[in-house]
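Next up, upload.txt (compact mmCIF, C-alpha atoms):
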# COMPACT_ATOMS: atom_id res chain seq x y z
CA MET Y 1 8.59 3.02 -39.69
CA ARG Y 2 11.63 3.12 -41.94
CA LEU Y 3 14.94 4.74 -41.01
CA THR Y 4 17.08 6.42 -43.65
CA SER Y 5 20.61 7.84 -43.39
CA LEU Y 6 21.23 11.15 -45.16
CA GLN Y 7 24.26 13.19 -46.11
CA ARG Y 8 23.49 16.65 -47.42
CA GLN Y 9 25.43 19.73 -48.39
CA PHE Y 10 23.79 23.14 -48.12
CA LEU Y 11 24.93 26.64 -48.92
CA TRP Y 12 24.85 28.68 -45.70
CA PRO Y 13 22.66 31.66 -46.62
CA ALA Y 14 24.31 34.96 -45.80
CA ASP Y 15 21.14 36.16 -44.08
CA VAL Y 16 21.07 33.24 -41.61
CA PRO Y 17 23.15 34.15 -38.54
CA LEU Y 18 24.76 31.48 -36.40
CA VAL Y 19 22.07 31.82 -33.73
CA GLU Y 20 19.47 30.77 -36.31
CA LEU Y 21 21.53 28.04 -37.96
CA ARG Y 22 20.15 25.15 -35.89
CA SER Y 23 16.54 25.96 -36.79
CA TRP Y 24 17.49 26.56 -40.42
CA ILE Y 25 19.19 23.16 -40.74
CA ARG Y 26 16.21 21.47 -39.08
CA GLU Y 27 13.91 23.12 -41.63
CA GLN Y 28 16.03 21.82 -44.51
CA LEU Y 29 16.00 18.28 -43.09
CA ALA Y 30 12.31 18.31 -42.23
CA VAL Y 31 11.35 18.14 -45.91
CA GLU Y 32 12.95 14.68 -46.03
CA GLY Y 33 11.12 13.19 -43.03
CA ASP Y 34 11.01 13.17 -39.25
CA VAL Y 35 14.50 13.99 -37.99
CA LEU Y 36 15.79 11.51 -35.42
CA ARG Y 37 19.47 12.44 -35.16
CA TRP Y 38 21.60 14.95 -37.03
CA ALA Y 39 24.86 16.86 -36.84
CA LEU Y 40 26.67 19.53 -38.74
CA THR Y 41 29.84 17.60 -39.58
CA GLY Y 42 31.72 20.12 -41.70
CA VAL Y 43 31.87 23.77 -42.73
CA GLY Y 44 33.65 24.65 -45.97
CA PHE Y 45 33.65 27.03 -48.88
CA SER Y 46 32.31 26.61 -52.40
CA ALA Y 47 34.27 27.68 -55.48
CA ASP Y 48 32.65 31.11 -55.39
CA GLY Y 49 33.54 31.62 -51.75
CA ALA Y 50 30.13 30.90 -50.22
CA ARG Y 51 30.13 28.93 -46.99
CA THR Y 52 28.90 25.34 -47.24
CA LEU Y 53 27.45 23.12 -44.54
CA HIS Y 54 27.87 19.35 -44.48
CA VAL Y 55 25.11 17.64 -42.53
CA GLU Y 56 24.65 13.97 -41.65
CA ALA Y 57 21.35 12.69 -40.30
CA VAL Y 58 19.04 9.77 -39.71
CA ILE Y 59 15.37 10.38 -40.45
CA SER Y 60 12.28 8.23 -40.06
CA ALA Y 61 9.38 8.03 -42.45
CA MET P 1 26.40 26.07 -11.78
CA PRO P 2 24.67 23.58 -14.10
CA THR P 3 27.14 22.78 -16.87
CA LEU P 4 26.69 20.72 -19.99
CA MET P 5 29.49 18.38 -21.04
CA LEU P 6 29.31 17.05 -24.59
CA VAL P 7 31.58 14.47 -26.21
CA PRO P 8 29.65 13.49 -29.34
CA THR P 9 29.33 9.77 -29.92
CA GLY P 10 31.17 8.01 -32.73
CA ILE P 11 33.54 10.77 -33.87
CA GLY P 12 36.75 9.26 -32.49
CA CYS P 13 37.53 11.79 -29.76
CA ALA P 14 40.94 11.15 -28.21
CA ILE P 15 39.24 11.58 -24.83
CA GLY P 16 35.78 10.03 -24.70
CA GLY P 17 35.89 8.15 -27.99
CA TYR P 18 36.44 4.80 -26.32
CA ALA P 19 35.10 2.94 -23.27
CA GLY P 20 34.01 5.65 -20.86
CA ASP P 21 37.42 7.27 -21.03
CA ALA P 22 36.00 10.77 -20.57
CA LEU P 23 34.77 9.72 -17.12
CA PRO P 24 37.72 11.22 -15.20
CA SER P 25 37.14 14.50 -17.04
CA ALA P 26 33.43 14.35 -16.22
CA ARG P 27 34.19 13.76 -12.54
CA LEU P 28 36.50 16.78 -12.51
CA LEU P 29 33.95 18.98 -14.28
CA ALA P 30 31.27 17.77 -11.85
CA ALA P 31 33.45 18.85 -8.94
CA ALA P 32 34.19 22.22 -10.57
CA SER P 33 30.60 22.97 -11.52
CA GLY P 34 28.68 21.24 -8.74
CA CYS P 35 26.16 20.05 -11.35
CA LEU P 36 27.10 18.34 -14.60
CA ILE P 37 24.67 17.20 -17.26
CA THR P 38 26.20 14.74 -19.67
CA HIS P 39 25.36 11.72 -21.77
CA PRO P 40 25.98 7.97 -21.66
CA ASN P 41 28.89 8.11 -24.13
CA VAL P 42 30.83 10.02 -21.49
CA MET P 43 29.86 7.85 -18.53
CA ASN P 44 29.65 4.30 -19.93
CA GLY P 45 32.74 2.15 -19.59
CA ALA P 46 31.07 -1.24 -20.09
CA SER P 47 32.11 -3.03 -16.88
CA LEU P 48 33.43 0.26 -15.47
CA TYR P 49 31.26 3.09 -14.17
CA TRP P 50 31.19 5.81 -11.55
CA SER P 51 28.15 7.12 -9.78
CA ASP P 52 28.18 10.76 -8.67
CA SER P 53 25.09 12.57 -7.46
CA ARG P 54 26.36 15.76 -9.14
CA VAL P 55 26.27 14.08 -12.57
CA HIS P 56 22.98 13.86 -14.47
CA TYR P 57 22.98 11.02 -17.00
CA VAL P 58 20.86 12.07 -19.97
CA GLU P 59 20.68 10.23 -23.29
CA GLY P 60 21.51 12.26 -26.39
CA TYR P 61 18.01 12.85 -27.73
CA GLY P 62 16.81 14.00 -24.31
CA LEU P 63 19.95 16.09 -23.94
CA ASP P 64 19.24 17.88 -27.21
CA ARG P 65 15.64 18.57 -26.19
CA PHE P 66 16.87 19.83 -22.81
CA ALA P 67 19.43 22.16 -24.41
CA VAL P 68 16.85 23.50 -26.84
CA GLY P 69 14.53 24.19 -23.89
CA ASP P 70 11.75 21.77 -24.88
CA TRP P 71 12.27 19.40 -21.95
CA ALA P 72 13.43 19.82 -18.35
CA LEU P 73 15.20 17.34 -16.09
CA ARG P 74 13.74 16.21 -12.76
CA PRO P 75 16.21 14.52 -10.37
CA VAL P 76 14.87 11.30 -8.79
CA ARG P 77 16.05 8.93 -6.06
CA ARG P 78 15.84 5.89 -8.30
CA GLN P 79 14.45 4.59 -11.55
CA ARG P 80 12.85 1.21 -12.16
CA ILE P 81 14.80 -0.05 -15.14
CA GLY P 82 13.11 -2.28 -17.67
CA LEU P 83 15.49 -4.52 -19.63
CA LEU P 84 14.79 -4.74 -23.35
CA LEU P 85 16.61 -7.50 -25.22
CA ASP P 86 16.84 -7.83 -28.98
CA ALA P 87 15.35 -11.12 -30.19
CA GLY P 88 18.43 -11.41 -32.40
CA ILE P 89 20.67 -12.13 -29.40
CA GLU P 90 21.69 -15.78 -29.08
CA PRO P 91 20.26 -17.49 -25.94
CA GLU P 92 23.59 -17.81 -24.13
CA LEU P 93 24.51 -14.18 -24.77
CA ALA P 94 21.03 -13.08 -23.66
CA GLN P 95 21.49 -15.06 -20.45
CA ARG P 96 24.73 -13.16 -19.82
CA GLN P 97 22.76 -9.89 -19.99
CA ILE P 98 20.17 -11.17 -17.55
CA GLN P 99 22.90 -12.24 -15.15
CA VAL P 100 24.32 -8.71 -15.19
CA ALA P 101 20.88 -7.40 -14.29
CA GLU P 102 20.62 -9.96 -11.50
CA GLY P 103 24.08 -9.01 -10.26
CA CYS P 104 23.21 -5.31 -10.22
CA ARG P 105 20.07 -6.10 -8.21
CA ALA P 106 21.92 -8.27 -5.72
CA SER P 107 25.16 -6.34 -5.33
CA LEU P 108 24.22 -2.73 -6.10
CA GLY P 109 20.59 -2.71 -4.98
CA LEU P 110 19.24 -1.46 -8.29
CA ASP P 111 15.53 -1.75 -9.09
CA ILE P 112 15.42 -3.70 -12.35
CA GLY P 113 12.52 -5.25 -14.22
CA PRO P 114 10.62 -6.42 -16.04
CA VAL P 115 12.57 -8.01 -18.88
CA ILE P 116 11.26 -8.32 -22.41
CA SER P 117 12.53 -9.57 -25.75
CA THR P 118 11.48 -7.89 -28.96
CA ASP P 119 9.00 -9.77 -31.15
CA ALA P 120 11.46 -9.65 -34.07
CA PRO P 121 15.23 -9.20 -34.43
CA LEU P 122 16.16 -5.51 -34.59
CA ASP P 123 18.58 -6.06 -37.48
CA VAL P 124 21.22 -3.42 -36.67
CA THR P 125 23.45 -2.21 -39.51
CA LEU P 126 26.55 -0.05 -39.09
CA GLU P 127 27.39 2.88 -41.36
CA ARG P 128 30.06 5.51 -41.72
CA GLY P 129 29.33 9.10 -42.81
CA ALA P 130 31.48 11.04 -45.25
CA SER P 131 32.94 12.87 -42.25
CA GLY P 132 34.21 9.61 -40.78
CA ALA P 133 31.64 9.63 -37.98
CA SER P 134 29.86 6.36 -37.27
CA TRP P 135 26.14 6.06 -37.93
CA GLY P 136 23.75 3.16 -38.23
CA ARG P 137 20.19 1.99 -38.65
CA LEU P 138 17.69 -0.60 -37.51
CA GLY P 139 15.88 -2.83 -39.95
CA CYS P 140 12.99 -3.30 -37.53
CA PRO P 141 12.52 -0.13 -35.45
CA ASP P 142 8.84 -0.87 -34.79
CA ALA P 143 9.76 -4.00 -32.84
CA LEU P 144 11.95 -1.86 -30.59
CA LEU P 145 9.17 0.63 -29.95
CA ARG P 146 6.57 -2.08 -29.28
CA ALA P 147 8.79 -3.68 -26.65
CA GLY P 148 9.55 -0.28 -25.11
CA GLU P 149 5.84 0.52 -24.87
CA ARG P 150 5.17 -2.78 -23.08
CA LEU P 151 7.93 -2.13 -20.55
CA LYS P 152 6.62 1.35 -19.83
CA GLN P 153 3.07 0.03 -19.44
CA ALA P 154 4.43 -2.60 -17.02
CA GLY P 155 5.91 0.07 -14.76
CA ALA P 156 9.43 0.64 -16.04
CA THR P 157 10.45 4.28 -15.60
CA ALA P 158 13.68 3.84 -17.59
CA ILE P 159 14.83 1.34 -20.18
CA ALA P 160 18.16 -0.39 -20.75
CA VAL P 161 18.21 -1.83 -24.24
CA VAL P 162 20.62 -4.47 -25.51
CA ALA P 163 20.78 -5.07 -29.25
CA ARG P 164 22.75 -7.68 -31.15
CA PHE P 165 25.37 -5.89 -33.20
CA PRO P 166 27.10 -7.24 -36.30
CA GLU P 167 30.75 -8.01 -35.68
CA ASP P 168 33.87 -8.74 -37.63
CA PRO P 169 36.69 -9.61 -35.22
CA GLU P 170 39.20 -9.50 -38.07
CA SER P 171 38.34 -5.99 -39.29
CA GLU P 172 41.05 -3.31 -39.50
CA GLU P 173 38.57 -0.83 -38.06
CA LEU P 174 38.13 -2.87 -34.88
CA ALA P 175 41.88 -3.44 -34.58
CA ALA P 176 42.48 0.32 -34.84
CA TYR P 177 39.84 1.04 -32.20
CA ARG P 178 41.29 -1.52 -29.80
CA GLN P 179 44.72 0.03 -30.28
CA GLY P 180 43.44 3.52 -29.63
CA SER P 181 43.41 5.11 -33.06
CA GLY P 182 39.98 4.62 -34.57
CA VAL P 183 36.34 5.59 -34.39
CA ASP P 184 33.94 3.44 -32.36
CA ALA P 185 32.06 1.83 -35.23
CA LEU P 186 29.13 0.81 -33.00
CA ALA P 187 28.47 4.16 -31.39
CA GLY P 188 26.40 5.78 -34.14
CA ALA P 189 23.94 2.90 -34.33
CA GLU P 190 23.72 2.79 -30.54
CA ALA P 191 22.72 6.45 -30.53
CA VAL P 192 20.00 5.81 -33.11
CA ILE P 193 18.51 3.05 -30.94
CA SER P 194 18.41 5.12 -27.77
CA HIS P 195 17.21 8.25 -29.63
CA LEU P 196 14.27 6.27 -31.04
CA LEU P 197 13.17 5.03 -27.63
CA VAL P 198 13.58 8.36 -25.83
CA LYS P 199 11.78 10.25 -28.58
CA HIS P 200 8.90 7.77 -28.52
CA LEU P 201 8.55 7.16 -24.77
CA GLN P 202 10.04 10.29 -23.13
CA ILE P 203 11.72 8.27 -20.38
CA PRO P 204 15.44 7.73 -19.77
CA CYS P 205 16.92 5.03 -22.00
CA ALA P 206 20.43 3.89 -22.83
CA HIS P 207 21.93 1.15 -24.92
CA ALA P 208 24.53 -1.59 -24.59
CA PRO P 209 25.57 -3.75 -27.54
CA ALA P 210 25.58 -7.55 -27.37
CA LEU P 211 28.78 -8.95 -28.81
CA ASP P 212 30.81 -12.12 -28.51
CA PRO P 213 33.99 -11.83 -26.42
CA LEU P 214 37.06 -10.86 -28.45
CA PRO P 215 40.34 -12.78 -28.49
CA LEU P 216 43.01 -11.37 -26.20
CA ASP P 217 44.93 -8.41 -27.69
CA PRO P 218 48.23 -7.78 -25.86
CA GLN P 219 48.39 -4.31 -27.50
CA LEU P 220 44.97 -3.25 -26.19
CA ASP P 221 44.77 0.50 -25.55
CA PRO P 222 43.85 1.27 -21.91
CA ARG P 223 40.99 3.50 -23.15
CA ALA P 224 39.28 0.48 -24.74
CA ALA P 225 40.00 -1.93 -21.86
CA GLY P 226 36.72 -1.35 -20.04
CA GLU P 227 34.93 -3.22 -22.83
CA GLU P 228 37.05 -6.35 -22.47
CA LEU P 229 36.64 -7.04 -18.76
CA GLY P 230 33.41 -8.99 -19.01
CA TYR P 231 30.86 -10.60 -21.28
CA THR P 232 28.56 -7.59 -21.57
CA PHE P 233 28.53 -3.79 -21.75
CA LEU P 234 25.42 -3.55 -19.60
CA ALA P 235 26.53 -2.81 -16.02
CA CYS P 236 27.41 0.84 -16.68
CA VAL P 237 24.07 1.42 -18.42
CA LEU P 238 22.09 0.04 -15.49
CA VAL P 239 24.05 2.12 -12.99
CA GLY P 240 23.72 5.27 -15.11
CA LEU P 241 19.99 4.82 -15.60
CA SER P 242 19.37 3.96 -11.95
CA ARG P 243 19.47 7.64 -11.02
CA ALA P 244 18.97 9.32 -14.39
CA PRO P 245 16.65 12.31 -14.12
CA ASP P 246 13.10 12.10 -15.39
CA LEU P 247 12.50 13.87 -18.69
CA VAL P 248 9.85 16.53 -18.14
CA THR P 249 7.88 17.44 -21.22
CA GLY P 250 5.02 19.23 -19.43
CA GLU P 251 4.68 21.64 -16.55
CA ARG P 252 7.86 22.37 -14.58
CA GLN P 253 8.15 21.97 -10.79
CA PRO P 254 10.52 23.60 -8.30
CA GLY P 255 13.78 21.67 -8.39
CA ASP P 256 13.58 20.85 -12.08
CA LEU P 257 16.65 21.63 -14.14
CA ASP P 258 15.98 23.84 -17.13
CA ALA P 259 18.28 24.98 -19.94
CA ALA P 260 17.87 28.56 -18.76
CA GLN P 261 19.85 27.60 -15.63
CA LEU P 262 22.90 26.42 -17.58
CA GLY P 263 26.08 28.37 -16.89
CA ALA P 264 28.45 26.87 -19.46
CA VAL P 265 28.92 24.13 -22.02
CA VAL P 266 32.13 22.14 -22.46
CA VAL P 267 32.76 20.56 -25.85
CA PRO P 268 35.66 19.18 -27.96
CA GLU P 269 36.97 22.07 -30.05
CA GLY P 270 36.13 20.42 -33.39
CA ALA P 271 32.65 19.21 -32.44
CA LEU P 272 30.55 22.36 -32.33
CA GLY P 273 28.02 21.14 -34.91
CA GLY P 274 25.64 19.20 -32.69
CA GLU P 275 22.13 20.36 -31.90
CA ALA P 276 22.73 20.80 -28.16
CA LEU P 277 25.80 22.95 -28.71
CA LEU P 278 24.12 25.12 -31.33
CA ALA P 279 21.19 25.59 -28.95
CA CYS P 280 23.63 26.75 -26.26
CA VAL P 281 25.11 29.25 -28.72
CA GLU P 282 21.60 30.60 -29.29
CA ARG P 283 21.39 31.18 -25.52
CA LYS P 284 24.77 32.97 -25.58
CA LEU P 285 26.15 30.51 -23.03
CA PRO P 286 29.90 30.50 -22.45
CA VAL P 287 31.40 27.75 -24.62
CA VAL P 288 34.54 26.05 -23.32
CA CYS P 289 36.27 24.43 -26.32
CA VAL P 290 38.70 21.71 -25.25
CA ALA P 291 41.60 20.39 -27.31
CA ASN P 292 40.28 16.86 -27.85
CA PRO P 293 40.97 15.76 -31.44
CA SER P 294 38.35 13.86 -33.42
CA VAL P 295 37.47 13.25 -37.07
CA LEU P 296 35.47 16.52 -37.16
CA SER P 297 36.68 20.10 -37.60
CA VAL P 298 33.56 22.13 -36.85
CA THR P 299 35.42 24.69 -34.77
CA ALA P 300 34.37 28.03 -33.32
CA GLU P 301 36.44 29.68 -36.04
CA ALA P 302 34.69 27.71 -38.81
CA LEU P 303 31.33 28.83 -37.43
CA GLY P 304 32.45 32.44 -36.98
CA LEU P 305 31.88 32.18 -33.22
CA SER P 306 34.15 34.39 -31.14
CA GLN P 307 32.09 35.97 -28.35
CA GLY P 308 31.88 33.87 -25.19
CA VAL P 309 34.33 31.22 -26.40
CA PHE P 310 37.09 30.01 -24.10
CA HIS P 311 39.79 27.67 -25.36
CA ALA P 312 41.24 25.03 -23.04
CA SER P 313 44.23 22.83 -23.79
CA SER P 314 42.94 20.07 -21.49
CA TYR P 315 39.96 19.11 -19.36
CA SER P 316 41.97 20.25 -16.32
CA GLU P 317 42.10 23.74 -17.81
CA ALA P 318 38.43 23.50 -18.77
CA ALA P 319 37.58 22.67 -15.15
CA GLY P 320 39.47 25.79 -14.04
CA LEU P 321 37.48 27.90 -16.48
CA VAL P 322 34.20 26.37 -15.29
CA LEU P 323 35.17 27.06 -11.67
CA ALA P 324 36.03 30.67 -12.57
CA LEU P 325 32.66 31.13 -14.27
CA ARG P 326 30.92 29.52 -11.29
CA GLU P 327 32.65 32.00 -8.97
CA GLY P 328 31.78 34.94 -11.19
CA LEU P 329 35.38 35.57 -12.20
CA SER P 330 36.23 36.81 -15.65
CA PRO P 331 38.48 34.15 -17.20
CA ALA P 332 40.36 36.94 -18.96
CA SER P 333 41.59 38.21 -15.58
CA LEU P 334 43.39 34.92 -14.94
CA GLY P 335 45.93 35.29 -17.75
CA ARG P 336 48.58 37.77 -18.81
CA PRO P 337 48.81 40.03 -20.62
CA LEU P 338 45.42 41.34 -19.55
CA PRO P 339 43.42 42.17 -22.68
CA ALA P 340 43.00 45.92 -23.22
CA LEU P 341 39.73 47.48 -22.13
CA GLN P 342 37.34 47.93 -25.02
CA ARG P 343 36.56 51.61 -25.63
CA LEU P 344 33.39 52.59 -27.46
CA ASP P 345 33.68 55.56 -29.84
Represent the structure contained in this file as structure tokens.
Amino acid sequence: MRLTSLQRQFLWPADVPLVELRSWIREQLAVEGDVLRWALTGVGFSADGARTLHVEAVISA
Amino acid sequence: MPTLMLVPTGIGCAIGGYAGDALPSARLLAAASGCLITHPNVMNGASLYWSDSRVHYVEGYGLDRFAVGDWALRPVRRQRIGLLLDAGIEPELAQRQIQVAEGCRASLGLDIGPVISTDAPLDVTLERGASGASWGRLGCPDALLRAGERLKQAGATAIAVVARFPEDPESEELAAYRQGSGVDALAGAEAVISHLLVKHLQIPCAHAPALDPLPLDPQLDPRAAGEELGYTFLACVLVGLSRAPDLVTGERQPGDLDAAQLGAVVVPEGALGGEALLACVERKLPVVCVANPSVLSVTAEALGLSQGVFHASSYSEAAGLVLALREGLSPASLGRPLPALQRLD
């Protein structure tokens, strides 16, 4: 097993409500490996006004 | 009213970012709620600890799975705690850990054993995320899991793990932490270690770092003092695990605690981005956001969360809100002016 630290920024899709955000973030991280620990560590805005999500995680592969 | 108290690890919370310094707040919330589920970062003060039958000590990975609804919690009278030592710990420092275990058996009556050392050093490295939160990794996670499996096979129902952590007594980061203004650099890696074990074994686990004693600091912040009273950080972990609830991944029994029973969640106002909190939002649980500054700013406002959010300027106020919710009182009725009735067109 190998552990890897990740920092990712995603655009928060307008059609993903807050109550689905947890599952949506997990889906984005799952493509990188088995998620061990993660957190949404920031919410911001891109230049065009879209909301951005800053996520930090540790995954195993 | 089962209540979840979260103070995320390694984000420098003014209350709870140090050595068990959210413990008084946890005790108050336990009294207000009658049943508090919280994690080792809140309860562990190295040589300092407090045992309260109303507080359920649940490691972060298990806490997330509980909040999501995957796992339940089953209260127990006692756990048999296996002690897992990193092979990277020097012999004298390892002996200090064993003496703490012996002391907890003799003086507190805890059921501890067996003891195992990993078959290779765990090789812990510390990291810092862009947010400022502490993270970390293990170079040899398989050695950790192998040792954990052997302890479980030998009858341990919970595991206290002690890993050798890198240290730099001269670092500015450590000096800031000891003087009450920094992030706990070890906390993120500690969480990774305990998450790995709990995910793999599905039994209660918690971690204490092995470190050499630090030179005396006359300016030591009281919140960090718990970590400088002894040679180890292990006593609080053993006490916490001794009555930690079982993690139930299969069929539920009467008396099990399930996320559906939760009545509220209490969280620092800038730390709403963790999995457990987001799962509580999915359940439409009341969220009590406490003024407790950290390096994060994931607030209710940033998430667009307004329904069911209650702001508290302190944990005392949060306890009042929890008590009101427990009694079925509308928190809005406790302040003035009374908000206008909503009228539907």
Looking at Y:Leu29, Y:Ile59, Y:Val19, Y:Ala14, which one is nearest to chain P, with distances taken over only C-alpha atoms?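 Checking each of Y:Leu29, Y:Ile59, Y:Val19, Y:Ala14 against chain P, counting only C-alpha atoms, the winner is Y:Val19.
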Notebook entry, point to check: Could you list, as a list in words, every residue of chain P that has an atom within 6 Å of an atom of chain Y, counting all atoms listed in the file?
Noted result: Gly273, Gly274, Glu282 and Val298 of chain P
Write a file of the just-selected residues containing C-alpha atoms, as a short mmCIF file (atom, residue, chain, number, x, y, z; two decimals), in the frame of the given file.
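File produced: again-v4.cif:
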data_model
loop_
_atom_site.label_atom_id
_atom_site.label_comp_id
_atom_site.auth_asym_id
_atom_site.auth_seq_id
_atom_site.Cartn_x
_atom_site.Cartn_y
_atom_site.Cartn_z
CA GLY P 273 28.02 21.14 -34.91
CA GLY P 274 25.64 19.20 -32.69
CA GLU P 282 21.60 30.60 -29.29
CA VAL P 298 33.56 22.13 -36.85
#
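In this model, the gap between atom CA of Val192 of chain P and atom CA of Arg80 of chain P comes to 22.6 Å.
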>> Give me, as a ChimeraX atom specification, all polymer residues having an atom no more than 9 Å from Gln261 of chain P, counting all atoms listed in the file and skipping those fewer than 2 positions away in the same chain.
In response: /P:1-3,257-259,263
Selected residues, C-alpha atoms, written as a compact mmCIF listing (two decimals), in the coordinates of the input, please.
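That gives us out12.txt:
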# COMPACT_ATOMS: atom_id res chain seq x y z
CA MET P 1 26.40 26.07 -11.78
CA PRO P 2 24.67 23.58 -14.10
CA THR P 3 27.14 22.78 -16.87
CA LEU P 257 16.65 21.63 -14.14
CA ASP P 258 15.98 23.84 -17.13
CA ALA P 259 18.28 24.98 -19.94
CA GLY P 263 26.08 28.37 -16.89
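If you count all atoms listed in the file and ignore residues fewer than 4 places along the chain from Glu167 of chain P, what sits within 12 Å of it is P:Val124, P:Thr125, P:Leu126, P:Ser171, P:Glu172, P:Glu173, P:Leu174, P:Ala185, P:Leu186, P:Pro209, P:Ala210, P:Leu211, P:Asp212, P:Pro213, P:Leu214.
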For this session: Find the residues around Leu73 of chain P up to 10 Å (only C-alpha atoms counted), leave out those fewer than 4 positions away in its own chain, and share them as a PyMOL selection string.
Result: chain P and resi 37+56+58+62-63+66+244-249+252-253+255-259
re atom CA of Ile193 of chain P and atom CA of Ile159 of chain P: distance 11.5 Å
Non-local contacts of segment 46-49 of chain Y (12 Å; only C-alpha atoms; under 6 positions in same chain excluded) as a PDB file with C-alpha atoms, keeping the file's coordinate frame:
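Final output, around37.pdb:
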ATOM      1  CA  GLN Y   9      25.430  19.730 -48.390  1.00  0.00           C
ATOM      2  CA  PHE Y  10      23.790  23.140 -48.120  1.00  0.00           C
ATOM      3  CA  LEU Y  11      24.930  26.640 -48.920  1.00  0.00           C
ATOM      4  CA  TRP Y  12      24.850  28.680 -45.700  1.00  0.00           C
ATOM      5  CA  ALA Y  14      24.310  34.960 -45.800  1.00  0.00           C
TER       6      ALA Y  14
END
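The space between atom CA of Pro141 of chain P and atom CA of Gly69 of chain P spans 27.0 Å.
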Box dimensions and centre (Å, one decimal) enclosing segment 40-49 of chain Y, axis-aligned, 3 Å extra per side, as lines of an AutoDock Vina configuration file:
center_x = 30.5
center_y = 24.6
center_z = -47.1
size_x = 13.6
size_y = 20.0
size_z = 22.7
Counting all atoms listed in the file, which residues sit no farther than 10 Å from the position (28.1, 29.9, -32.4) in the file's frame? I'd like them as a PyMOL selection string. (chain Y and resi 17-22) or (chain P and resi 272-273+277-285+287+299-309)
